[in-house]
Amino acid sequence: MTSDAPRVLEAKREWLERLVRERFTTELVLDLSDEQWALRIPHADGAVTIARNTTALRGTDPACARWDASDEGFEAPLMSVLPAPGCPMVPHPLAQQRSDGWELGYDVLELAFWSLTRHEELGRTDLDDRDRFPAVASHAFKHGYLDRPIVDEWLEILGQTLLRQWPGLQLRTRRFATQVSHDADNPSRYAFGGLKPLARMLALDVVRRRDVGAAAKGVVLRARSRHSLQPNDPANTFDWIMEQSDQRGLTSAFHFLCGRTHPTLDAYYDPEDPRIRFLMRAIHDRGHEIGLHPSYGTYRAPDAVAAEFQRLRQVCMEEGIAQSQWGGRMHYLRWDSAATGRALNDAGLDYDNTLSYADAPGFRSGTCIEYPAFDPVSNEPLRLRIRPLVAMEATVIASRYLALGEGEQAFAKFAALKDACRSVRGTFSLLWHNTSLETDRLKELYCQVLDA
């Protein structure tokens with residue numbers, strides 16, 4: 001039995017019906033009772049039913065059994081054995097044919113709802129120093145499936161069950177894709193900010209990079225960058241990024257900061273700056289995308305998100321930049337499941353591309369396929385779309401995270417994640433900052449990942 005109020009349960013049913021229609025076919029209708037979900041097709045015989053379990057995925061560390069798809073003649077897209085979060089023991093057989101259709105003994109739809117809406121993260125206090133829910137605290141990390149899109153894997157099993165019930169059913173087809181995006185935290189190493197940021201950057205050149213020549217060059221670049229970004233500025237890799245995307249038929253999305261809610265962690269530039277306007281126009285003229293990068297303190301501040309998005313739209317309007325959709329990603333991947341999605345939705349963004357962890361790459365939402373957002377606090381579907389982020393370059397490369405460096409180990413990690421996306425015909429969504437392409441080795445690694 002479920003304790004959900006009727007309104008909440010109906011909103012959940014409507015959202016899940018939309019999800020399965022997007023994944024499989026618009027012919028599907030989702031019914032529910034206290035004991036089961038039922039997927040039906042009007043004017044067709046039978047149904048595919050799924051045993052409901054509304055309490056199994058509550059708490060901070062639900063049980064997690066394993067199920068071997070090959071034991072029952074299913075073709076698992078990634079690995080034969082699938083994790084089953086919320087299930088202490090998978091029933092055997094999991095899939096059974098009844099007189100009125102097929103029945104699945106694991107609540108695949110509850111898994112999808114729990115994972116995609118990030119219910120796991122609501123009310124958590126085990127946050128990192130940036131106030132983020134970390135990968136290491138997640139059920140997926142603890143049970144070893146963060147590098148698998150398990151929602152997509154289980155929905156593949158559900159799709160095969162639909163075909164067992166209705167062999168002639170035409171299911172939607174998807175193609176694997178790569179999406180690349182770039183947060184413009186620092187469009188120039190030296191051009192923006194006052195003397196303190198400049199001195200800090202010059203000191204980094206001397207102390208950390210051990211490059212006195214770069215520091216001297218930085219002083220010259222600062223003087224020359226008063227009116228335009230210089231092509232030999234190490235952080236000005238935008239043309240190179242677009243060239244790589246153009247060669248591969250990709251569209252790059254560049255996200256710009258449009259506010260300051262932290263004294264040192266936000267950008268030193270303003271979107272109205274003529275140099276930034278020129279950069280945005282150049283991006284747009286080449287057919288790439290402009291997006292919002294809400295500043296550090298906005299992830300629980302809906303009014304600030306709205307103001308920064310309006311600021312971006314105003315600049316773009318003045319520059320003749322029109323787009324059919326507007327998306328973005330939260331600064332430092334800060335995300336609060338109780339507030340951030342709603343704030344982005346209400347501000348008018350069409351999609352968000354935040355949901356990955358900073359401390360480990362992988363499938364935070366259990367998927368690499370775009371899906372409709374749902375507000376788990378007000379319990380209602382949102383207009384916003386979620387495009388899951390699979391990997392950020394710093395997460396794999398940087399010493400503060402996985403520390404895999406810039407060579408074969410890093411490439412192997414990116415490639416494995418990309419292969420996992422490919423296995424479910426999903427989207428490998430990659431974030432690579434323009435400032436992480438300042439050396440030939442980093443550029444080589446970036447190209448290797450794109451071509452993997």
# chains A, B, ... in the order shown; residues from 1 in each chain; ligands from 1
call {"tool": "residues_around", "arguments": {"residues": "Pro294 (chain A)", "least_positions_apart": "6", "cutoff": "9 Å", "atoms": "only C-alpha atoms", "output": "JSON, numbers by chain"}}
result
{"A": [255, 256, 257, 258, 259, 304, 305, 308, 309, 328, 329, 330, 331]}
call {"tool": "residues_around", "arguments": {"residues": "Arg313 (chain A)", "least_positions_apart": "6", "cutoff": "12 Å", "atoms": "only C-alpha atoms", "output": "PyMOL selection string"}}
result
chain A and resi 256+258+271-272+277+280+290-292+306-307+319-323+325-327+347-349
call {"tool": "write_last_selection", "arguments": {"atoms": "N, CA, C and O atoms", "output": "CSV table (one decimal), in the first residue's frame"}}
result
chain,number,residue,atom,x,y,z
A,256,PHE,N,28.0,31.3,-20.0
A,256,PHE,CA,28.6,32.5,-19.5
A,256,PHE,C,28.0,32.9,-18.2
A,256,PHE,O,26.8,32.8,-17.9
A,258,CYS,N,26.8,35.5,-15.5
A,258,CYS,CA,26.2,36.8,-15.6
A,258,CYS,C,25.9,37.4,-14.2
A,258,CYS,O,24.9,38.2,-14.1
A,271,PRO,N,28.9,40.3,-18.7
A,271,PRO,CA,28.4,39.9,-20.1
A,271,PRO,C,28.3,41.1,-21.0
A,271,PRO,O,28.3,41.0,-22.2
A,272,GLU,N,28.1,42.3,-20.4
A,272,GLU,CA,27.9,43.5,-21.3
A,272,GLU,C,29.3,44.1,-21.8
A,272,GLU,O,29.3,44.9,-22.7
A,277,ARG,N,30.8,40.5,-25.5
A,277,ARG,CA,29.8,40.6,-26.6
A,277,ARG,C,30.4,40.1,-27.9
A,277,ARG,O,29.7,39.4,-28.7
A,280,MET,N,30.6,36.3,-27.8
A,280,MET,CA,29.2,35.7,-28.0
A,280,MET,C,28.8,35.8,-29.5
A,280,MET,O,28.2,34.8,-30.0
A,290,ILE,N,24.9,29.7,-27.1
A,290,ILE,CA,25.2,30.5,-25.9
A,290,ILE,C,24.3,29.9,-24.8
A,290,ILE,O,23.1,29.7,-25.0
A,291,GLY,N,24.8,29.8,-23.6
A,291,GLY,CA,24.0,29.3,-22.4
A,291,GLY,C,24.4,30.1,-21.2
A,291,GLY,O,25.4,30.9,-21.1
A,292,LEU,N,23.6,29.9,-20.1
A,292,LEU,CA,23.8,30.5,-18.9
A,292,LEU,C,24.6,29.6,-17.9
A,292,LEU,O,24.4,28.4,-17.8
A,306,ALA,N,16.9,34.0,-12.1
A,306,ALA,CA,16.0,34.8,-13.1
A,306,ALA,C,16.7,36.0,-13.5
A,306,ALA,O,16.7,36.4,-14.7
A,307,ALA,N,17.3,36.8,-12.6
A,307,ALA,CA,17.9,38.0,-12.9
A,307,ALA,C,19.1,37.8,-13.8
A,307,ALA,O,19.3,38.6,-14.8
A,319,GLU,N,22.7,42.0,-29.3
A,319,GLU,CA,23.7,41.5,-30.2
A,319,GLU,C,23.1,40.8,-31.4
A,319,GLU,O,23.8,40.2,-32.2
A,320,GLY,N,21.7,40.7,-31.4
A,320,GLY,CA,21.1,39.9,-32.5
A,320,GLY,C,21.2,38.4,-32.4
A,320,GLY,O,21.2,37.7,-33.4
A,321,ILE,N,21.4,37.9,-31.2
A,321,ILE,CA,21.6,36.5,-31.0
A,321,ILE,C,20.2,35.9,-30.6
A,321,ILE,O,19.7,36.2,-29.5
A,322,ALA,N,19.7,35.1,-31.5
A,322,ALA,CA,18.4,34.5,-31.2
A,322,ALA,C,18.6,33.0,-31.3
A,322,ALA,O,19.3,32.4,-32.2
A,323,GLN,N,18.0,32.2,-30.3
A,323,GLN,CA,18.2,30.8,-30.2
A,323,GLN,C,16.8,30.2,-30.0
A,323,GLN,O,15.9,30.8,-29.4
A,325,GLN,N,16.3,27.5,-28.2
A,325,GLN,CA,16.3,27.1,-26.8
A,325,GLN,C,17.4,27.6,-26.0
A,325,GLN,O,18.5,28.0,-26.6
A,326,TRP,N,17.2,27.7,-24.7
A,326,TRP,CA,18.3,28.3,-23.8
A,326,TRP,C,18.5,27.3,-22.7
A,326,TRP,O,17.5,26.9,-22.0
A,327,GLY,N,19.7,26.9,-22.5
A,327,GLY,CA,20.1,26.0,-21.4
A,327,GLY,C,21.3,26.6,-20.7
A,327,GLY,O,21.7,27.7,-20.9
A,347,ALA,N,12.7,30.5,-14.1
A,347,ALA,CA,13.4,31.5,-14.8
A,347,ALA,C,13.2,31.5,-16.3
A,347,ALA,O,13.4,32.5,-16.9
A,348,GLY,N,12.8,30.3,-16.8
A,348,GLY,CA,12.5,30.2,-18.2
A,348,GLY,C,13.5,29.5,-19.0
A,348,GLY,O,13.4,29.4,-20.2
A,349,LEU,N,14.5,28.8,-18.4
A,349,LEU,CA,15.4,28.0,-19.2
A,349,LEU,C,14.7,26.8,-19.7
A,349,LEU,O,13.8,26.2,-19.1
call {"tool": "closest_residue", "arguments": {"among": "A:Leu82, A:Leu430, A:Val108, A:Ala137", "to": "Leu155 (chain A)", "atoms": "only C-alpha atoms"}}
result
A:Val108
call {"tool": "residues_around", "arguments": {"residues": "Lys418 (chain A)", "least_positions_apart": "5", "cutoff": "12 Å", "atoms": "only C-alpha atoms", "output": "ChimeraX atom specification"}}
result
/A:78,147-149,176-179,361-363,368,389-391,411-413,423-430,448-452
call {"tool": "write_last_selection", "arguments": {"atoms": "N, CA and C atoms", "output": "tab-separated table (two decimals), in the first residue's frame"}}
result
chain	number	residue	atom	x	y	z
A	78	LEU	N	24.55	-3.45	-21.49
A	78	LEU	CA	25.91	-3.15	-21.05
A	78	LEU	C	26.58	-4.37	-20.46
A	147	ASP	N	29.19	4.18	-12.64
A	147	ASP	CA	29.66	4.24	-14.03
A	147	ASP	C	28.73	3.50	-14.99
A	148	ARG	N	27.50	3.24	-14.53
A	148	ARG	CA	26.52	2.55	-15.39
A	148	ARG	C	25.22	3.35	-15.43
A	149	PRO	N	24.63	3.50	-16.61
A	149	PRO	CA	23.32	4.17	-16.70
A	149	PRO	C	22.20	3.19	-16.39
A	176	PHE	N	23.15	6.97	-30.72
A	176	PHE	CA	24.17	7.50	-29.83
A	176	PHE	C	24.64	8.87	-30.32
A	177	ALA	N	24.91	9.76	-29.39
A	177	ALA	CA	25.37	11.11	-29.74
A	177	ALA	C	26.38	11.60	-28.71
A	178	THR	N	27.16	12.58	-29.13
A	178	THR	CA	28.09	13.27	-28.23
A	178	THR	C	27.67	14.73	-28.14
A	179	GLN	N	27.61	15.23	-26.91
A	179	GLN	CA	27.35	16.66	-26.68
A	179	GLN	C	28.54	17.24	-25.95
A	361	PRO	N	33.08	11.05	-12.08
A	361	PRO	CA	32.22	11.11	-13.26
A	361	PRO	C	31.24	9.94	-13.24
A	362	GLY	N	30.30	9.98	-14.14
A	362	GLY	CA	29.36	8.88	-14.23
A	362	GLY	C	27.93	9.35	-14.35
A	363	PHE	N	27.02	8.50	-13.87
A	363	PHE	CA	25.60	8.68	-14.16
A	363	PHE	C	24.85	9.00	-12.86
A	368	CYS	N	21.79	8.57	-19.36
A	368	CYS	CA	22.50	9.46	-20.26
A	368	CYS	C	21.56	9.92	-21.37
A	389	LEU	N	24.79	15.32	-17.38
A	389	LEU	CA	26.21	15.47	-17.68
A	389	LEU	C	26.91	14.18	-17.26
A	390	VAL	N	27.74	13.63	-18.13
A	390	VAL	CA	28.42	12.38	-17.81
A	390	VAL	C	29.80	12.62	-17.22
A	391	ALA	N	30.53	13.59	-17.75
A	391	ALA	CA	31.89	13.80	-17.25
A	391	ALA	C	32.33	15.24	-17.42
A	411	PHE	N	42.21	8.96	-20.55
A	411	PHE	CA	41.50	8.61	-21.78
A	411	PHE	C	40.67	7.34	-21.59
A	412	ALA	N	41.23	6.34	-20.91
A	412	ALA	CA	40.51	5.08	-20.70
A	412	ALA	C	39.22	5.31	-19.91
A	413	LYS	N	39.27	6.22	-18.94
A	413	LYS	CA	38.07	6.50	-18.14
A	413	LYS	C	37.00	7.18	-19.00
A	423	SER	N	26.24	2.04	-25.45
A	423	SER	CA	25.56	0.75	-25.29
A	423	SER	C	24.05	0.91	-25.14
A	424	VAL	N	23.61	2.04	-24.62
A	424	VAL	CA	22.16	2.28	-24.45
A	424	VAL	C	21.64	3.30	-25.45
A	425	ARG	N	22.47	3.60	-26.46
A	425	ARG	CA	22.12	4.57	-27.50
A	425	ARG	C	21.74	5.91	-26.87
A	426	GLY	N	22.54	6.31	-25.90
A	426	GLY	CA	22.32	7.56	-25.20
A	426	GLY	C	23.23	8.66	-25.69
A	427	THR	N	23.47	9.64	-24.85
A	427	THR	CA	24.28	10.80	-25.20
A	427	THR	C	25.44	10.94	-24.23
A	428	PHE	N	26.64	10.97	-24.77
A	428	PHE	CA	27.83	11.23	-23.96
A	428	PHE	C	27.98	12.74	-23.85
A	429	SER	N	27.63	13.28	-22.69
A	429	SER	CA	27.68	14.72	-22.46
A	429	SER	C	28.96	15.07	-21.71
A	430	LEU	N	29.79	15.87	-22.34
A	430	LEU	CA	31.13	16.17	-21.84
A	430	LEU	C	31.28	17.66	-21.60
A	448	GLN	N	41.12	13.06	-28.59
A	448	GLN	CA	41.01	11.61	-28.44
A	448	GLN	C	39.65	11.23	-27.88
A	449	VAL	N	39.19	11.98	-26.89
A	449	VAL	CA	37.89	11.68	-26.28
A	449	VAL	C	36.77	11.90	-27.29
A	450	LEU	N	36.83	12.99	-28.03
A	450	LEU	CA	35.80	13.24	-29.04
A	450	LEU	C	35.76	12.14	-30.09
A	451	ASP	N	36.90	11.59	-30.42
A	451	ASP	CA	36.98	10.60	-31.50
A	451	ASP	C	36.84	9.16	-31.03
A	452	ALA	N	36.76	8.96	-29.72
A	452	ALA	CA	36.71	7.59	-29.19
A	452	ALA	C	35.43	6.87	-29.65
call {"tool": "select_by_dssp", "arguments": {"residues": "region 58-123 of chain A", "states": "strand (DSSP E)", "output": "MDAnalysis selection string"}}
result
chainID A and resid 64:68 81:85 95:98 101:104
call {"tool": "write_last_selection", "arguments": {"atoms": "N, CA, C and O atoms", "output": "compact mmCIF listing (two decimals), in the first residue's frame"}}
result
# COMPACT_ATOMS: atom_id res chain seq x y z
N CYS A 64 20.61 -3.49 -2.25
CA CYS A 64 20.90 -3.52 -3.69
C CYS A 64 21.29 -4.94 -4.09
O CYS A 64 22.42 -5.38 -3.87
N ALA A 65 20.35 -5.64 -4.67
CA ALA A 65 20.60 -6.99 -5.15
C ALA A 65 21.15 -6.94 -6.58
O ALA A 65 21.34 -5.86 -7.15
N ARG A 66 21.39 -8.09 -7.15
CA ARG A 66 21.85 -8.21 -8.53
C ARG A 66 20.96 -9.22 -9.26
O ARG A 66 20.47 -10.17 -8.67
N TRP A 67 20.78 -8.95 -10.55
CA TRP A 67 19.96 -9.84 -11.38
C TRP A 67 20.66 -10.08 -12.70
O TRP A 67 21.14 -9.15 -13.34
N ASP A 68 20.73 -11.37 -13.10
CA ASP A 68 21.38 -11.73 -14.35
C ASP A 68 20.33 -11.84 -15.45
O ASP A 68 19.51 -12.77 -15.46
N VAL A 81 24.70 -8.76 -15.76
CA VAL A 81 24.21 -8.63 -14.39
C VAL A 81 23.89 -7.17 -14.11
O VAL A 81 24.75 -6.29 -14.25
N LEU A 82 22.64 -6.89 -13.70
CA LEU A 82 22.19 -5.53 -13.42
C LEU A 82 22.02 -5.33 -11.92
O LEU A 82 21.46 -6.19 -11.24
N PRO A 83 22.49 -4.20 -11.38
CA PRO A 83 22.17 -3.85 -10.00
C PRO A 83 20.67 -3.56 -9.89
O PRO A 83 20.06 -3.04 -10.82
N ALA A 84 20.09 -3.88 -8.73
CA ALA A 84 18.67 -3.63 -8.49
C ALA A 84 18.51 -2.86 -7.19
O ALA A 84 18.18 -3.44 -6.15
N PRO A 85 18.76 -1.54 -7.22
CA PRO A 85 18.62 -0.74 -6.00
C PRO A 85 17.23 -0.85 -5.39
O PRO A 85 16.22 -0.86 -6.09
N ALA A 95 10.71 -11.99 -14.63
CA ALA A 95 9.67 -11.76 -15.64
C ALA A 95 8.85 -13.04 -15.80
O ALA A 95 9.41 -14.12 -16.01
N GLN A 96 7.55 -12.90 -15.66
CA GLN A 96 6.67 -14.06 -15.79
C GLN A 96 5.51 -13.75 -16.71
O GLN A 96 4.96 -12.64 -16.67
N GLN A 97 5.15 -14.72 -17.51
CA GLN A 97 4.00 -14.56 -18.38
C GLN A 97 2.75 -15.07 -17.66
O GLN A 97 2.72 -16.20 -17.18
N ARG A 98 1.76 -14.21 -17.55
CA ARG A 98 0.49 -14.55 -16.93
C ARG A 98 -0.58 -14.70 -18.01
O ARG A 98 -0.33 -14.45 -19.19
N GLY A 101 -1.00 -11.20 -19.57
CA GLY A 101 0.16 -10.45 -20.01
C GLY A 101 1.41 -10.81 -19.25
O GLY A 101 1.49 -11.84 -18.58
N TRP A 102 2.42 -9.96 -19.37
CA TRP A 102 3.71 -10.18 -18.70
C TRP A 102 3.80 -9.35 -17.43
O TRP A 102 3.28 -8.24 -17.37
N GLU A 103 4.50 -9.90 -16.44
CA GLU A 103 4.68 -9.22 -15.16
C GLU A 103 6.17 -9.16 -14.82
O GLU A 103 6.89 -10.16 -14.94
N LEU A 104 6.63 -7.97 -14.40
CA LEU A 104 7.99 -7.80 -13.89
C LEU A 104 7.94 -7.68 -12.38
O LEU A 104 7.14 -6.92 -11.83
call {"tool": "select_by_dssp", "arguments": {"residues": "region 205-256 of chain A", "states": "alpha helix (DSSP H)", "output": "VMD selection string"}}
result
chain A and resid 205 to 207 212 to 224 238 to 248
call {"tool": "write_last_selection", "arguments": {"atoms": "N, CA, C and O atoms", "output": "short mmCIF file (atom, residue, chain, number, x, y, z; two decimals), in the first residue's frame"}}
result
data_model
loop_
_atom_site.label_atom_id
_atom_site.label_comp_id
_atom_site.auth_asym_id
_atom_site.auth_seq_id
_atom_site.Cartn_x
_atom_site.Cartn_y
_atom_site.Cartn_z
N ASP A 205 51.70 31.67 -12.40
CA ASP A 205 52.64 31.41 -13.50
C ASP A 205 54.03 31.14 -12.96
O ASP A 205 54.73 30.22 -13.42
N VAL A 206 54.45 31.93 -11.98
CA VAL A 206 55.82 31.82 -11.47
C VAL A 206 55.97 30.65 -10.52
O VAL A 206 56.91 29.84 -10.64
N VAL A 207 55.02 30.50 -9.57
CA VAL A 207 55.18 29.52 -8.50
C VAL A 207 54.71 28.13 -8.93
O VAL A 207 55.45 27.15 -8.85
N VAL A 212 58.40 31.95 -15.57
CA VAL A 212 58.57 33.38 -15.43
C VAL A 212 58.23 34.08 -16.74
O VAL A 212 57.67 35.18 -16.76
N GLY A 213 58.56 33.43 -17.85
CA GLY A 213 58.25 34.01 -19.16
C GLY A 213 56.77 34.21 -19.36
O GLY A 213 56.34 35.22 -19.94
N ALA A 214 55.94 33.25 -18.85
CA ALA A 214 54.50 33.40 -18.98
C ALA A 214 54.00 34.60 -18.19
O ALA A 214 53.10 35.32 -18.62
N ALA A 215 54.61 34.83 -17.02
CA ALA A 215 54.21 35.98 -16.22
C ALA A 215 54.53 37.28 -16.94
O ALA A 215 53.71 38.22 -16.97
N ALA A 216 55.68 37.35 -17.55
CA ALA A 216 56.04 38.55 -18.29
C ALA A 216 55.12 38.74 -19.50
O ALA A 216 54.67 39.85 -19.80
N LYS A 217 54.80 37.62 -20.14
CA LYS A 217 53.88 37.67 -21.27
C LYS A 217 52.49 38.13 -20.82
O LYS A 217 51.79 38.86 -21.52
N GLY A 218 52.13 37.72 -19.59
CA GLY A 218 50.83 38.09 -19.06
C GLY A 218 50.67 39.58 -18.88
O GLY A 218 49.59 40.14 -19.13
N VAL A 219 51.72 40.23 -18.46
CA VAL A 219 51.66 41.68 -18.30
C VAL A 219 51.40 42.35 -19.65
O VAL A 219 50.60 43.28 -19.77
N VAL A 220 52.08 41.85 -20.69
CA VAL A 220 51.89 42.41 -22.03
C VAL A 220 50.48 42.13 -22.53
O VAL A 220 49.81 43.02 -23.09
N LEU A 221 50.01 40.90 -22.31
CA LEU A 221 48.66 40.55 -22.77
C LEU A 221 47.60 41.38 -22.07
O LEU A 221 46.59 41.76 -22.68
N ARG A 222 47.83 41.66 -20.80
CA ARG A 222 46.88 42.50 -20.07
C ARG A 222 46.74 43.87 -20.75
O ARG A 222 45.63 44.37 -20.96
N ALA A 223 47.86 44.45 -21.10
CA ALA A 223 47.84 45.77 -21.73
C ALA A 223 47.17 45.71 -23.11
O ALA A 223 46.46 46.65 -23.50
N ARG A 224 47.36 44.62 -23.83
CA ARG A 224 46.82 44.52 -25.18
C ARG A 224 45.36 44.07 -25.21
O ARG A 224 44.74 44.09 -26.28
N PHE A 238 38.61 29.46 -27.71
CA PHE A 238 37.25 29.33 -28.24
C PHE A 238 37.23 28.98 -29.72
O PHE A 238 36.47 28.10 -30.16
N ASP A 239 38.04 29.65 -30.52
CA ASP A 239 38.07 29.33 -31.96
C ASP A 239 38.54 27.90 -32.18
O ASP A 239 38.00 27.19 -33.05
N TRP A 240 39.53 27.48 -31.42
CA TRP A 240 40.03 26.11 -31.56
C TRP A 240 38.95 25.10 -31.20
O TRP A 240 38.76 24.09 -31.90
N ILE A 241 38.21 25.36 -30.10
CA ILE A 241 37.12 24.46 -29.70
C ILE A 241 36.08 24.36 -30.80
O ILE A 241 35.64 23.26 -31.17
N MET A 242 35.68 25.50 -31.35
CA MET A 242 34.65 25.48 -32.39
C MET A 242 35.15 24.78 -33.64
O MET A 242 34.39 24.09 -34.32
N GLU A 243 36.43 24.94 -33.94
CA GLU A 243 36.99 24.24 -35.10
C GLU A 243 36.90 22.74 -34.92
O GLU A 243 36.53 22.01 -35.86
N GLN A 244 37.22 22.25 -33.72
CA GLN A 244 37.13 20.81 -33.47
C GLN A 244 35.69 20.32 -33.57
O GLN A 244 35.42 19.25 -34.14
N SER A 245 34.76 21.08 -33.04
CA SER A 245 33.35 20.70 -33.14
C SER A 245 32.87 20.73 -34.58
O SER A 245 32.17 19.81 -35.03
N ASP A 246 33.25 21.77 -35.32
CA ASP A 246 32.84 21.87 -36.72
C ASP A 246 33.33 20.67 -37.52
O ASP A 246 32.60 20.11 -38.34
N GLN A 247 34.56 20.26 -37.28
CA GLN A 247 35.13 19.13 -38.02
C GLN A 247 34.37 17.82 -37.75
O GLN A 247 34.35 16.93 -38.59
N ARG A 248 33.74 17.74 -36.59
CA ARG A 248 33.08 16.49 -36.18
C ARG A 248 31.56 16.58 -36.23
O ARG A 248 30.87 15.66 -35.78
#
call {"tool": "residues_around", "arguments": {"residues": "Cys87 (chain A)", "least_positions_apart": "4", "cutoff": "12 Å", "atoms": "only C-alpha atoms", "output": "tab-separated table (two decimals) with N, CA, C and O atoms, in the first residue's frame"}}
result
chain	number	residue	atom	x	y	z
A	51	ALA	N	5.27	-4.93	-10.42
A	51	ALA	CA	4.95	-4.93	-8.99
A	51	ALA	C	5.45	-3.65	-8.35
A	51	ALA	O	6.62	-3.28	-8.51
A	52	ARG	N	4.59	-2.94	-7.62
A	52	ARG	CA	4.98	-1.68	-7.00
A	52	ARG	C	5.60	-1.92	-5.64
A	52	ARG	O	5.15	-2.76	-4.87
A	53	ASN	N	6.64	-1.13	-5.34
A	53	ASN	CA	7.25	-1.16	-4.02
A	53	ASN	C	7.66	0.26	-3.68
A	53	ASN	O	8.73	0.72	-4.09
A	54	THR	N	6.82	0.98	-2.96
A	54	THR	CA	7.04	2.41	-2.76
A	54	THR	C	7.94	2.73	-1.59
A	54	THR	O	8.29	3.88	-1.37
A	55	THR	N	8.34	1.73	-0.81
A	55	THR	CA	9.18	1.99	0.36
A	55	THR	C	10.60	1.48	0.20
A	55	THR	O	11.48	1.82	0.98
A	56	ALA	N	10.86	0.67	-0.82
A	56	ALA	CA	12.16	-0.01	-0.94
A	56	ALA	C	13.31	0.96	-1.12
A	56	ALA	O	14.44	0.67	-0.72
A	57	LEU	N	13.06	2.12	-1.74
A	57	LEU	CA	14.15	3.06	-2.04
A	57	LEU	C	14.16	4.25	-1.07
A	57	LEU	O	14.68	5.30	-1.40
A	58	ARG	N	13.63	4.06	0.11
A	58	ARG	CA	13.69	5.11	1.13
A	58	ARG	C	14.89	4.86	2.04
A	58	ARG	O	15.42	3.77	2.12
A	61	ASP	N	20.58	4.29	2.54
A	61	ASP	CA	21.33	3.20	1.92
A	61	ASP	C	20.44	1.98	1.73
A	61	ASP	O	20.55	0.97	2.43
A	62	PRO	N	19.53	2.04	0.75
A	62	PRO	CA	18.66	0.90	0.49
A	62	PRO	C	19.46	-0.32	0.05
A	62	PRO	O	20.61	-0.22	-0.39
A	63	ALA	N	18.85	-1.46	0.19
A	63	ALA	CA	19.48	-2.70	-0.27
A	63	ALA	C	19.73	-2.64	-1.78
A	63	ALA	O	19.12	-1.83	-2.50
A	64	CYS	N	20.61	-3.49	-2.25
A	64	CYS	CA	20.90	-3.52	-3.69
A	64	CYS	C	21.29	-4.94	-4.09
A	64	CYS	O	22.42	-5.38	-3.87
A	65	ALA	N	20.35	-5.64	-4.67
A	65	ALA	CA	20.60	-6.99	-5.15
A	65	ALA	C	21.15	-6.94	-6.58
A	65	ALA	O	21.34	-5.86	-7.15
A	66	ARG	N	21.39	-8.09	-7.15
A	66	ARG	CA	21.85	-8.21	-8.53
A	66	ARG	C	20.96	-9.22	-9.26
A	66	ARG	O	20.47	-10.17	-8.67
A	67	TRP	N	20.78	-8.95	-10.55
A	67	TRP	CA	19.96	-9.84	-11.38
A	67	TRP	C	20.66	-10.08	-12.70
A	67	TRP	O	21.14	-9.15	-13.34
A	82	LEU	N	22.64	-6.89	-13.70
A	82	LEU	CA	22.19	-5.53	-13.42
A	82	LEU	C	22.02	-5.33	-11.92
A	82	LEU	O	21.46	-6.19	-11.24
A	83	PRO	N	22.49	-4.20	-11.38
A	83	PRO	CA	22.17	-3.85	-10.00
A	83	PRO	C	20.67	-3.56	-9.89
A	83	PRO	O	20.06	-3.04	-10.82
A	91	PRO	N	13.23	-11.41	-7.19
A	91	PRO	CA	12.43	-12.62	-7.34
A	91	PRO	C	12.86	-13.42	-8.56
A	91	PRO	O	13.36	-12.86	-9.54
A	94	LEU	N	12.19	-13.15	-12.60
A	94	LEU	CA	11.82	-11.73	-12.50
A	94	LEU	C	10.67	-11.42	-13.43
A	94	LEU	O	9.76	-10.67	-13.09
A	105	GLY	N	8.81	-8.41	-11.71
A	105	GLY	CA	8.82	-8.44	-10.25
A	105	GLY	C	9.69	-7.40	-9.60
A	105	GLY	O	9.83	-7.40	-8.37
A	106	TYR	N	10.32	-6.54	-10.39
A	106	TYR	CA	11.14	-5.45	-9.84
A	106	TYR	C	10.54	-4.13	-10.29
A	106	TYR	O	10.22	-3.95	-11.47
A	107	ASP	N	10.42	-3.17	-9.35
A	107	ASP	CA	9.74	-1.91	-9.66
A	107	ASP	C	10.68	-0.98	-10.43
A	107	ASP	O	11.28	-0.05	-9.89
A	108	VAL	N	10.75	-1.22	-11.72
A	108	VAL	CA	11.60	-0.43	-12.61
A	108	VAL	C	11.18	1.03	-12.62
A	108	VAL	O	12.02	1.94	-12.66
A	110	GLU	N	9.64	2.77	-10.21
A	110	GLU	CA	10.01	3.44	-8.96
A	110	GLU	C	11.50	3.77	-8.97
A	110	GLU	O	11.92	4.84	-8.50
A	111	LEU	N	12.32	2.86	-9.50
A	111	LEU	CA	13.76	3.14	-9.65
A	111	LEU	C	13.96	4.39	-10.51
A	111	LEU	O	14.75	5.27	-10.16
call {"tool": "atom_distance", "arguments": {"atom1": "CA of Trp15 (chain A)", "atom2": "CA of Gly73 (chain A)"}}
result
29.9 Å
call {"tool": "residues_around", "arguments": {"residues": "Arg275 (chain A)", "least_positions_apart": "2", "cutoff": "12 Å", "atoms": "only C-alpha atoms", "output": "list in words"}}
result
Pro187, Ser188, Ala191, Phe192, Ser225, Arg226, His227, Ser228, Leu229, Gln230, Asn236, Tyr269, Asp270, Pro271, Glu272, Asp273, Arg277, Phe278, Leu279, Met280, Arg281 and Ala282 of chain A
call {"tool": "residues_around", "arguments": {"residues": "region 10-12 of chain A", "least_positions_apart": "3", "cutoff": "7 Å", "atoms": "only C-alpha atoms", "output": "MDAnalysis selection string"}}
result
chainID A and resid 6:7 15:16 379:380
call {"tool": "residues_around", "arguments": {"residues": "Ala301 (chain A)", "least_positions_apart": "5", "cutoff": "10 Å", "atoms": "only C-alpha atoms", "output": "PyMOL selection string"}}
result
chain A and resi 306+339-340+343-344
call {"tool": "closest_residue", "arguments": {"among": "A:His262, A:Arg441, A:Arg189, A:Arg311", "to": "Glu408 (chain A)", "atoms": "only C-alpha atoms"}}
result
A:Arg441
call {"tool": "closest_residue", "arguments": {"among": "A:Pro42, A:Ala267, A:Ile276, A:Met317", "to": "Pro197 (chain A)", "atoms": "only C-alpha atoms"}}
result
A:Ala267
